[in-house]
file coords_26.tsv (TSV, C-alpha atoms and all ligand atoms)
chain	number	residue	atom	x	y	z
T	299	MET	CA	231.82	147.07	69.18
T	300	LYS	CA	233.12	148.50	65.91
T	301	ILE	CA	236.39	150.17	65.02
T	302	LYS	CA	236.26	153.30	62.87
T	303	LYS	CA	238.13	152.90	59.59
T	304	SER	CA	239.72	156.33	60.09
T	305	LEU	CA	241.04	155.27	63.51
T	306	LEU	CA	242.37	152.01	62.06
T	307	HIS	CA	244.26	153.87	59.32
T	308	LYS	CA	245.60	156.44	61.76
T	309	THR	CA	246.81	153.61	63.97
T	310	PHE	CA	248.41	151.78	61.01
T	311	ALA	CA	250.30	154.97	60.13
T	312	LYS	CA	251.52	155.30	63.71
T	313	LEU	CA	252.80	151.70	63.85
T	314	SER	CA	255.71	152.49	61.55
T	315	GLN	CA	256.77	155.43	63.73
T	316	ILE	CA	257.00	153.66	67.08
T	317	LYS	CA	259.44	151.19	68.55
T	318	VAL	CA	258.44	148.42	70.93
T	319	LEU	CA	261.02	146.99	73.29
T	320	VAL	CA	260.92	143.21	73.76
T	321	ILE	CA	262.68	141.70	76.78
T	322	GLY	CA	262.78	137.98	77.39
T	323	ASP	CA	263.98	134.53	76.49
T	324	LEU	CA	265.20	134.18	72.92
T	325	ILE	CA	264.91	130.75	71.33
T	326	LEU	CA	265.99	129.51	67.91
T	327	ASP	CA	263.50	127.10	66.34
T	328	GLU	CA	265.06	124.77	63.81
T	329	TYR	CA	263.32	122.38	61.41
T	330	LEU	CA	265.01	119.51	59.59
T	331	ILE	CA	262.52	118.33	56.98
T	332	GLY	CA	262.79	115.14	54.97
T	333	SER	CA	261.44	111.68	54.41
T	334	VAL	CA	261.87	108.21	55.87
T	335	GLU	CA	262.93	105.56	53.38
T	336	ARG	CA	264.26	102.89	55.72
T	337	ILE	CA	264.88	101.74	59.27
T	338	SER	CA	268.39	102.17	60.62
T	339	PRO	CA	270.60	99.07	60.74
T	340	GLU	CA	272.12	100.47	63.96
T	341	ALA	CA	268.97	100.64	66.07
T	342	PRO	CA	265.21	100.18	65.49
T	343	VAL	CA	264.67	103.84	64.51
T	344	PRO	CA	263.72	105.53	61.24
T	345	VAL	CA	266.44	107.17	59.15
T	346	VAL	CA	265.33	110.66	58.11
T	347	TRP	CA	266.79	111.82	54.79
T	348	VAL	CA	266.95	115.61	55.21
T	349	ARG	CA	266.01	117.62	52.10
T	350	ASN	CA	265.27	121.00	53.61
T	351	GLU	CA	266.28	123.05	56.66
T	352	LYS	CA	264.65	126.09	58.24
T	353	GLN	CA	265.42	128.32	61.20
T	354	THR	CA	262.90	130.71	62.75
T	355	LEU	CA	262.58	132.92	65.82
T	356	GLY	CA	261.08	131.31	68.91
T	357	GLY	CA	260.33	132.46	72.45
T	358	SER	CA	260.51	136.24	72.73
T	359	GLY	CA	261.87	136.21	69.16
T	360	ASN	CA	258.44	135.25	67.91
T	361	VAL	CA	257.10	138.48	69.44
T	362	VAL	CA	259.73	140.38	67.44
T	363	GLN	CA	258.68	138.55	64.27
T	364	ASN	CA	255.04	139.47	64.96
T	365	LEU	CA	256.02	143.13	65.45
T	366	SER	CA	257.93	143.16	62.19
T	367	SER	CA	254.99	141.68	60.30
T	368	ILE	CA	252.68	144.55	61.35
T	369	GLY	CA	255.34	147.12	60.50
T	370	VAL	CA	256.71	147.92	63.97
T	371	ASN	CA	260.41	148.25	64.69
T	372	GLY	CA	261.67	146.30	67.67
T	373	ILE	CA	264.31	146.91	70.29
T	374	VAL	CA	265.45	143.55	71.62
T	375	TYR	CA	267.08	142.48	74.89
T	376	GLY	CA	267.97	138.81	75.28
T	377	ARG	CA	270.73	136.28	75.83
T	378	ILE	CA	272.46	133.98	73.36
T	379	GLY	CA	275.43	131.62	73.56
T	380	ASN	CA	278.79	131.99	71.84
T	381	ASP	CA	277.80	129.54	69.11
T	382	LYS	CA	276.39	129.07	65.59
T	383	ALA	CA	272.76	129.13	66.78
T	384	GLY	CA	273.44	132.49	68.43
T	385	GLU	CA	274.83	133.85	65.16
T	386	SER	CA	271.71	132.64	63.35
T	387	LEU	CA	269.44	134.27	65.92
T	388	GLU	CA	271.30	137.54	65.56
T	389	ARG	CA	271.07	137.44	61.77
T	390	ILE	CA	267.35	136.59	61.73
T	391	LEU	CA	266.54	139.30	64.29
T	392	LEU	CA	268.38	141.88	62.18
T	393	SER	CA	266.23	140.89	59.20
T	394	ASN	CA	263.05	141.40	61.28
T	395	SER	CA	262.88	145.17	61.69
T	396	VAL	CA	265.52	145.38	64.42
T	397	ALA	CA	268.34	147.87	63.83
T	398	LYS	CA	271.86	146.88	64.89
T	399	GLU	CA	271.95	149.44	67.70
T	400	ASP	CA	268.59	148.16	68.93
T	401	LEU	CA	269.73	144.56	69.25
T	402	VAL	CA	271.18	144.26	72.74
T	403	LEU	CA	272.28	140.66	73.11
T	404	LEU	CA	274.23	139.28	76.03
T	405	LYS	CA	276.61	136.64	74.76
T	406	SER	CA	277.07	134.01	77.47
T	407	LYS	CA	280.49	132.35	77.63
T	408	THR	CA	279.11	129.29	79.41
T	409	LEU	CA	275.52	128.75	78.19
T	410	PRO	CA	274.39	127.59	74.76
T	411	THR	CA	271.83	129.47	72.69
T	412	ILE	CA	268.45	127.85	73.38
T	413	LEU	CA	267.83	125.71	70.32
T	414	LYS	CA	264.82	123.49	69.60
T	415	THR	CA	265.30	121.26	66.59
T	416	ARG	CA	262.30	119.43	65.13
T	417	ILE	CA	262.96	116.52	62.82
T	418	ILE	CA	260.04	116.20	60.44
T	419	ALA	CA	259.38	113.42	57.94
T	420	SER	CA	256.36	113.44	55.62
T	421	HIS	CA	254.69	116.25	57.62
T	422	GLN	CA	255.07	114.38	60.91
T	423	GLN	CA	257.37	115.30	63.73
T	424	VAL	CA	259.69	112.35	64.36
T	425	CYS	CA	261.34	113.89	67.41
T	426	ARG	CA	262.47	117.16	68.92
T	427	VAL	CA	266.00	117.79	70.12
T	428	ASP	CA	266.42	120.55	72.73
T	429	ARG	CA	269.61	122.29	73.68
T	430	GLU	CA	269.22	124.58	76.68
T	431	GLU	CA	270.61	125.28	80.12
T	432	ILE	CA	268.21	127.21	82.28
T	433	VAL	CA	270.37	129.45	84.43
T	434	PRO	CA	269.22	132.82	85.78
T	435	LEU	CA	271.12	135.94	84.75
T	436	THR	CA	274.09	136.66	86.98
T	437	GLU	CA	274.30	139.93	88.92
T	438	ALA	CA	277.02	141.10	86.55
T	439	GLU	CA	274.85	140.35	83.51
T	440	GLU	CA	271.95	142.25	85.05
T	441	ALA	CA	274.18	145.21	85.74
T	442	THR	CA	275.32	145.22	82.09
T	443	ILE	CA	271.69	145.20	80.91
T	444	LEU	CA	270.72	148.05	83.21
T	445	GLU	CA	273.54	150.24	81.83
T	446	THR	CA	271.66	150.76	78.57
T	447	LEU	CA	268.08	149.81	79.39
T	448	LYS	CA	266.88	153.19	80.64
T	449	GLN	CA	267.88	154.92	77.41
T	450	LYS	CA	266.27	152.21	75.26
T	451	ILE	CA	263.06	152.43	77.30
T	452	LYS	CA	263.04	156.19	76.61
T	453	GLU	CA	263.26	155.46	72.87
T	454	SER	CA	260.37	153.00	72.92
T	455	SER	CA	256.61	153.45	73.14
T	456	ALA	CA	255.92	150.26	75.06
T	457	VAL	CA	257.75	147.31	76.60
T	458	ILE	CA	256.77	143.65	76.27
T	459	LEU	CA	258.06	141.13	78.82
T	460	SER	CA	258.01	137.80	77.02
T	461	ASP	CA	258.73	135.37	79.84
T	462	TYR	CA	259.46	131.77	78.89
T	463	ASP	CA	261.09	131.03	82.26
T	464	LYS	CA	264.49	130.32	80.70
T	465	GLY	CA	266.44	132.57	83.05
T	466	TYR	CA	266.54	136.03	81.45
T	467	LEU	CA	263.68	137.56	83.38
T	468	THR	CA	264.85	137.23	86.98
T	469	PRO	CA	262.64	138.66	89.74
T	470	SER	CA	265.03	141.59	90.21
T	471	LEU	CA	265.23	142.37	86.47
T	472	ILE	CA	261.42	142.24	86.23
T	473	GLN	CA	261.18	144.76	89.06
T	474	SER	CA	263.85	147.03	87.60
T	475	VAL	CA	262.20	147.06	84.17
T	476	ILE	CA	258.77	147.87	85.57
T	477	SER	CA	260.01	150.69	87.78
T	478	LEU	CA	262.05	152.22	84.94
T	479	CYS	CA	258.98	152.05	82.68
T	480	ASN	CA	256.73	153.58	85.30
T	481	ALA	CA	259.23	156.41	85.81
T	482	GLU	CA	259.31	157.02	82.04
T	483	GLU	CA	255.52	156.58	81.72
T	484	LYS	CA	255.88	153.72	79.24
T	485	ILE	CA	253.39	150.87	79.30
T	486	VAL	CA	254.56	147.38	80.17
T	487	THR	CA	252.69	144.33	78.91
T	488	VAL	CA	253.49	140.84	80.13
T	489	ASP	CA	253.09	137.33	78.75
T	490	PRO	CA	253.70	135.75	82.14
T	491	GLN	CA	255.15	132.60	83.61
T	492	VAL	CA	253.17	131.05	86.43
T	493	SER	CA	256.27	131.01	88.68
T	494	HIS	CA	256.60	134.82	88.37
T	495	PHE	CA	252.89	135.62	88.27
T	496	PHE	CA	252.56	138.00	91.19
T	497	LEU	CA	255.92	139.71	90.62
T	498	TYR	CA	254.57	141.75	87.70
T	499	GLN	CA	253.26	144.58	89.90
T	500	ASN	CA	251.84	147.83	88.49
T	501	ILE	CA	252.01	146.92	84.82
T	502	HIS	CA	249.62	147.91	82.05
T	503	ILE	CA	248.30	144.43	81.27
T	504	MET	CA	249.08	140.73	81.66
T	505	THR	CA	247.94	138.19	79.05
T	506	PRO	CA	248.04	134.65	80.49
T	507	ASN	CA	245.92	131.88	79.00
T	508	HIS	CA	243.21	130.37	81.21
T	509	HIS	CA	245.40	127.42	82.23
T	510	GLU	CA	248.20	129.71	83.44
T	511	ALA	CA	245.84	132.06	85.29
T	512	GLY	CA	244.10	129.05	86.86
T	513	LYS	CA	247.40	127.53	87.96
T	514	ALA	CA	248.53	130.80	89.52
T	515	LEU	CA	245.32	130.95	91.57
T	516	GLY	CA	245.10	127.21	92.23
T	517	LYS	CA	241.69	126.77	90.60
T	518	LYS	CA	240.12	125.74	87.32
T	519	LEU	CA	238.83	128.59	85.18
T	520	ALA	CA	236.17	127.73	82.65
T	521	SER	CA	232.96	129.79	82.87
T	522	ASP	CA	232.72	133.54	82.26
T	523	SER	CA	232.03	134.12	85.96
T	524	GLU	CA	235.09	132.07	87.01
T	525	ILE	CA	237.20	134.08	84.55
T	526	GLU	CA	235.76	137.35	85.87
T	527	SER	CA	236.52	136.57	89.49
T	528	ALA	CA	240.04	135.43	88.50
T	529	CYS	CA	240.63	138.76	86.72
T	530	ARG	CA	239.46	140.65	89.80
T	531	GLU	CA	241.54	138.56	92.17
T	532	ILE	CA	244.73	138.90	90.11
T	533	SER	CA	244.10	142.62	89.60
T	534	GLU	CA	243.77	143.19	93.33
T	535	ARG	CA	247.17	141.60	93.82
T	536	ILE	CA	249.16	143.21	91.00
T	537	THR	CA	247.15	146.42	90.30
T	538	PRO	CA	247.50	146.50	86.49
T	539	ASP	CA	245.47	148.88	84.31
T	540	ALA	CA	243.83	145.85	82.76
T	541	MET	CA	243.87	142.07	82.78
T	542	MET	CA	243.44	139.79	79.78
T	543	ILE	CA	242.88	136.04	79.90
T	544	THR	CA	243.08	134.22	76.57
T	545	ARG	CA	240.77	131.24	76.39
T	546	GLY	CA	241.79	129.19	73.33
T	547	GLU	CA	238.71	128.31	71.28
T	548	LYS	CA	236.61	130.52	73.58
T	549	GLY	CA	238.45	133.69	72.53
T	550	MET	CA	239.49	136.09	75.29
T	551	SER	CA	238.24	138.12	78.26
T	552	ILE	CA	239.46	141.57	79.27
T	553	TYR	CA	238.95	143.39	82.55
T	554	GLU	CA	239.52	147.14	82.94
T	555	ARG	CA	240.35	147.78	86.55
T	556	LYS	CA	239.55	151.49	86.69
T	557	THR	CA	236.06	151.13	85.28
T	558	ASN	CA	235.52	147.66	86.75
T	559	THR	CA	234.19	146.41	83.40
T	560	PHE	CA	234.51	143.12	81.54
T	561	TYR	CA	234.63	142.45	77.88
T	562	HIS	CA	234.30	138.90	76.56
T	563	ILE	CA	235.32	138.50	72.90
T	564	PRO	CA	234.48	135.21	71.14
T	565	THR	CA	237.01	133.65	68.80
T	566	VAL	CA	236.67	134.56	65.16
T	567	ALA	CA	238.80	131.76	63.70
T	568	LYS	CA	237.03	129.94	60.89
T	569	GLU	CA	239.56	127.17	60.45
T	570	VAL	CA	242.13	126.13	63.00
T	571	PHE	CA	245.35	124.59	61.69
T	572	ASP	CA	247.95	125.45	64.28
T	573	VAL	CA	247.51	127.36	67.54
T	574	THR	CA	251.30	127.61	68.12
T	575	GLY	CA	252.29	131.18	68.87
T	576	ALA	CA	248.74	132.58	69.00
T	577	GLY	CA	249.53	134.00	72.44
T	578	ASP	CA	252.56	135.85	71.00
T	579	THR	CA	250.37	137.38	68.30
T	580	VAL	CA	247.87	138.51	70.94
T	581	ILE	CA	250.39	140.33	73.15
T	582	THR	CA	252.23	141.83	70.16
T	583	THR	CA	249.22	143.25	68.34
T	584	TYR	CA	247.55	144.39	71.55
T	585	THR	CA	250.68	146.24	72.70
T	586	ALA	CA	251.45	147.82	69.34
T	587	PHE	CA	247.88	149.03	68.79
T	588	VAL	CA	247.45	150.41	72.31
T	589	ALA	CA	250.83	152.14	72.03
T	590	SER	CA	249.66	153.65	68.72
T	591	GLY	CA	246.52	155.19	70.18
T	592	MET	CA	243.76	152.60	70.41
T	593	SER	CA	241.76	152.04	73.60
T	594	ILE	CA	242.17	148.86	75.64
T	595	LYS	CA	238.99	147.38	74.17
T	596	GLU	CA	239.80	148.33	70.58
T	597	ALA	CA	243.32	146.90	70.81
T	598	ALA	CA	241.97	143.72	72.42
T	599	LEU	CA	239.50	143.30	69.59
T	600	VAL	CA	242.28	143.72	67.01
T	601	SER	CA	244.47	141.22	68.90
T	602	ASN	CA	241.67	138.64	69.01
T	603	VAL	CA	241.04	139.06	65.29
T	604	SER	CA	244.79	138.75	64.63
T	605	ALA	CA	244.98	135.53	66.68
T	606	GLY	CA	242.01	134.21	64.71
T	607	ILE	CA	244.05	134.76	61.53
T	608	VAL	CA	247.28	133.11	62.74
T	609	VAL	CA	245.59	129.95	64.03
T	610	GLY	CA	244.43	129.41	60.45
T	611	LYS	CA	248.08	129.30	59.27
T	612	LEU	CA	250.71	126.62	59.84
T	613	GLY	CA	253.54	127.08	62.36
T	614	ALA	CA	254.14	130.10	64.59
T	615	ALA	CA	252.63	132.49	62.05
T	616	THR	CA	252.19	136.28	61.90
T	617	VAL	CA	249.66	138.78	60.49
T	618	THR	CA	249.95	141.88	58.32
T	619	GLN	CA	248.04	145.19	58.32
T	620	PRO	CA	245.96	144.35	55.19
T	621	GLU	CA	245.01	140.97	56.69
T	622	ILE	CA	243.83	142.68	59.88
T	623	GLU	CA	241.76	145.24	57.95
T	624	ASP	CA	240.21	142.54	55.72
T	625	ALA	CA	239.32	140.37	58.70
T	626	LEU	CA	237.79	143.29	60.63
T	627	ARG	CA	235.68	144.13	57.57
T	628	THR	CA	234.58	140.55	56.90
T	629	LEU	CA	233.63	140.07	60.56
T	630	GLY	CA	231.57	143.27	60.65
T	631	TYR	CA	233.91	144.97	63.16
T	632	LEU	CA	234.83	147.84	60.83
T	633	ASP	CA	232.83	151.06	60.81
T	634	GLU	CA	233.42	152.35	57.26
T	635	GLU	CA	231.67	155.71	57.83
T	636	VAL	CA	233.93	158.75	57.62
R	701	LIG	N1	241.37	126.43	69.02
R	701	LIG	C1	241.20	127.73	68.76
R	701	LIG	N2	240.15	128.14	68.01
R	701	LIG	C2	239.98	129.43	67.74
R	701	LIG	N3	240.76	130.42	68.19
R	701	LIG	C3	241.80	130.09	68.95
R	701	LIG	C4	242.09	128.73	69.28
R	701	LIG	N4	243.19	128.69	70.05
R	701	LIG	C5	243.57	129.98	70.18
R	701	LIG	N5	242.75	130.82	69.54
R	701	LIG	C6	242.89	132.30	69.47
R	701	LIG	O1	244.19	132.64	69.92
R	701	LIG	C7	244.14	133.39	71.14
R	701	LIG	C8	245.27	132.99	72.07
R	701	LIG	O2	245.23	131.60	72.23
R	701	LIG	P1	245.49	130.83	73.59
R	701	LIG	O3	244.49	131.18	74.61
R	701	LIG	O4	245.60	129.39	73.21
R	701	LIG	O5	246.91	131.44	74.01
R	701	LIG	P2	248.25	130.73	74.49
R	701	LIG	O6	247.90	129.41	75.12
R	701	LIG	O7	248.99	131.71	75.28
R	701	LIG	O8	248.99	130.48	73.13
R	701	LIG	P3	250.55	130.08	72.96
R	701	LIG	O9	250.50	128.66	72.47
R	701	LIG	O10	251.04	131.00	71.91
R	701	LIG	O11	251.21	130.26	74.27
R	701	LIG	C9	242.75	133.16	71.71
R	701	LIG	O12	242.37	134.27	72.48
R	701	LIG	C10	241.93	132.99	70.42
R	701	LIG	O13	241.59	134.25	69.87
R	702	MG	MG	251.03	131.76	75.92

call {"tool": "encode", "arguments": {"input": "coords_26.tsv", "output": "structure tokens", "more": "lines below"}}
Ligand SMILES: Nc1ncnc2c1ncn2[C@@H]1O[C@H](COP(=O)(O)OP(=O)(O)OP(=O)(O)O)[C@@H](O)[C@H]1O
Ligand SMILES: [Mg+2]
result
Amino acid sequence: MKIKKSLLHKTFAKLSQIKVLVIGDLILDEYLIGSVERISPEAPVPVVWVRNEKQTLGGSGNVVQNLSSIGVNGIVYGRIGNDKAGESLERILLSNSVAKEDLVLLKSKTLPTILKTRIIASHQQVCRVDREEIVPLTEAEEATILETLKQKIKESSAVILSDYDKGYLTPSLIQSVISLCNAEEKIVTVDPQVSHFFLYQNIHIMTPNHHEAGKALGKKLASDSEIESACREISERITPDAMMITRGEKGMSIYERKTNTFYHIPTVAKEVFDVTGAGDTVITTYTAFVASGMSIKEAALVSNVSAGIVVGKLGAATVTQPEIEDALRTLGYLDEEV
């Protein structure tokens, strides 16, 4: 398959006009970077001399960062704690194409902001320190969210559920979001958690990796035919428009339910440095491009190419429009005819 250059440019132009709503578990990723010069006199552990610190968006925040990088404004629903990490998250989200009125954060009085701190010495992770309490939203919190959600769904072109199973996406909130979106005729795309797998009924698409889809069905998924029957089986149970299973170094497979057709796309990554966050890039680019007018197959192709770019970068990376166009051209996926 090829993508017409004129369609690509039309879609790029549309990206800056739409908003995509991201609902899910916000995480702050923190990096303390330094070197080890000695062993501690207090215990047999290295002493890391910190020279540099970095904070980035994790969890559903990484979806927001991916949106921002391709020029799409986000509307964000999530929960933070009443703490410094929460303030950092808020500040970083505001600098990633989210307007103040589109940042709808619940500030918990009792829970901390989910914070994952990596201590890195000479390019090696020494240890990770996690601060999180996984507690589902209370009924009162859900009610607060639902007060504004309908209006924000109206203002958006698509909704991404970025489920990291940290408590924000409760079964009842998932159901409320999907029914509001269906009423407003807005597509919902889901990066699922295995524990919620069959709750995401009547969505546009779900994008689990092959391990998650296999776990949900209780079988191992490796061959194309095993992936195809998994897509059919899941689709029968949740009736989405389409089903996507990402397959790591094997690329991805997409099933369109209405036409009963499969599309297997091989990976295009030349060099693989870091696969962290590739799944976030897939759901973000797919959703933004479909919401801006591409077909399911075209958007899937763009998302696979985008994932191929980010796995060649370090950390939870993102892509830009020029990088996508260059990669499509280099890979022979771009039809330059006008
Ligand atoms: N080792 C790899 N080599 C080449 N491409 C890869 C590799 N791993 C991932 N990709 C690309 O990234 C896409 C998504 O990766 P994957 O299936 O690992 O998702 P995931 O497990 O959900 O990722 P995440 O770690 O973000 O949750 C794949 O469809 C593929 O295009
Ligand atoms: Mg994933």

call {"tool": "atom_distance", "arguments": {"input": "coords_26.tsv", "atom1": "CA of Phe496 (chain T)", "atom2": "CA of Glu440 (chain T)"}}
result
20.8 Å

call {"tool": "residues_around", "arguments": {"input": "coords_26.tsv", "residues": "region 357-367 of chain T", "least_positions_apart": "4", "cutoff": "7 Å", "atoms": "all atoms listed in the file", "output": "PyMOL selection string"}}
result
chain T and resi 322-325+371-372+394-395+460+462+578-579+582+616-618

call {"tool": "closest_residue", "arguments": {"input": "coords_26.tsv", "among": "T:Leu330, T:Ala456, T:Met504, T:Ala341", "to": "Val427 (chain T)", "atoms": "only C-alpha atoms"}}
result
T:Leu330

call {"tool": "closest_atom_pairs", "arguments": {"input": "coords_26.tsv", "of": "chain T", "to": "ligand LIG 701 (chain R)", "cutoff": "6 Å", "atoms": "only C-alpha atoms and all ligand atoms", "output": "JSON lines"}}
result
{"residue": "T:Asn507", "atom": "CA", "partner": "R:LIG701", "partner_atom": "O3", "distance": 4.7}
{"residue": "T:Thr544", "atom": "CA", "partner": "R:LIG701", "partner_atom": "O3", "distance": 3.9}
{"residue": "T:Arg545", "atom": "CA", "partner": "R:LIG701", "partner_atom": "O3", "distance": 4.1}
{"residue": "T:Gly546", "atom": "CA", "partner": "R:LIG701", "partner_atom": "O3", "distance": 3.6}
{"residue": "T:Glu547", "atom": "CA", "partner": "R:LIG701", "partner_atom": "N2", "distance": 3.6}
{"residue": "T:Gly549", "atom": "CA", "partner": "R:LIG701", "partner_atom": "O12", "distance": 4.0}
{"residue": "T:Met550", "atom": "CA", "partner": "R:LIG701", "partner_atom": "O12", "distance": 4.4}
{"residue": "T:Thr565", "atom": "CA", "partner": "R:LIG701", "partner_atom": "O13", "distance": 4.7}
{"residue": "T:Ala567", "atom": "CA", "partner": "R:LIG701", "partner_atom": "C2", "distance": 4.8}
{"residue": "T:Val570", "atom": "CA", "partner": "R:LIG701", "partner_atom": "N2", "distance": 5.7}
{"residue": "T:Val573", "atom": "CA", "partner": "R:LIG701", "partner_atom": "N4", "distance": 5.2}
{"residue": "T:Thr574", "atom": "CA", "partner": "R:LIG701", "partner_atom": "O9", "distance": 4.5}
{"residue": "T:Gly575", "atom": "CA", "partner": "R:LIG701", "partner_atom": "O10", "distance": 3.3}
{"residue": "T:Ala576", "atom": "CA", "partner": "R:LIG701", "partner_atom": "O10", "distance": 4.0}
{"residue": "T:Gly577", "atom": "CA", "partner": "R:LIG701", "partner_atom": "O10", "distance": 3.4}
{"residue": "T:Asp578", "atom": "CA", "partner": "R:LIG701", "partner_atom": "O10", "distance": 5.2}
{"residue": "T:Asn602", "atom": "CA", "partner": "R:LIG701", "partner_atom": "O13", "distance": 4.5}
{"residue": "T:Ala605", "atom": "CA", "partner": "R:LIG701", "partner_atom": "O1", "distance": 4.4}
{"residue": "T:Gly606", "atom": "CA", "partner": "R:LIG701", "partner_atom": "O13", "distance": 5.2}

call {"tool": "residues_around", "arguments": {"input": "coords_26.tsv", "residues": "region 421-426 of chain T", "least_positions_apart": "6", "cutoff": "12 Å", "atoms": "all atoms listed in the file", "output": "ChimeraX atom specification"}}
result
/T:327-334,343-347,413-415,612-613

call {"tool": "atom_distance", "arguments": {"input": "coords_26.tsv", "atom1": "CA of Leu632 (chain T)", "atom2": "atom MG of ligand MG 702 (chain R)"}}
result
27.4 Å

call {"tool": "closest_residue", "arguments": {"input": "coords_26.tsv", "among": "T:Lys302, T:Tyr375, T:Lys450, T:Gly512", "to": "Glu531 (chain T)", "atoms": "only C-alpha atoms"}}
result
T:Gly512

call {"tool": "atom_distance", "arguments": {"input": "coords_26.tsv", "atom1": "CA of Phe495 (chain T)", "atom2": "CA of Ala514 (chain T)"}}
result
6.6 Å

call {"tool": "residues_around", "arguments": {"input": "coords_26.tsv", "residues": "Ile476 (chain T)", "least_positions_apart": "3", "cutoff": "9 Å", "atoms": "only C-alpha atoms", "output": "list of chain:residue names"}}
result
T:Leu471, T:Ile472, T:Gln473, T:Cys479, T:Asn480, T:Ala481, T:Ile485, T:Val486, T:Tyr498, T:Gln499, T:Asn500, T:Ile501

call {"tool": "closest_residue", "arguments": {"input": "coords_26.tsv", "among": "T:Leu497, T:Ile552, T:Ala528, T:Val492", "to": "ligand MG 702 (chain R)", "atoms": "all atoms listed in the file"}}
result
T:Val492

call {"tool": "residues_around", "arguments": {"input": "coords_26.tsv", "residues": "Ser406 (chain T)", "least_positions_apart": "5", "cutoff": "10 Å", "atoms": "all atoms listed in the file", "output": "number ranges by chain"}}
result
T: 377-381, 384, 411, 435, 439

call {"tool": "axis_aligned_box", "arguments": {"input": "coords_26.tsv", "around": "region 453-461 of chain T", "padding_each_side": "8 Å", "output": "AutoDock Vina command-line options"}}
result
--center_x 259.6 --center_y 145.4 --center_z 76.4 --size_x 23.3 --size_y 36.1 --size_z 23.0
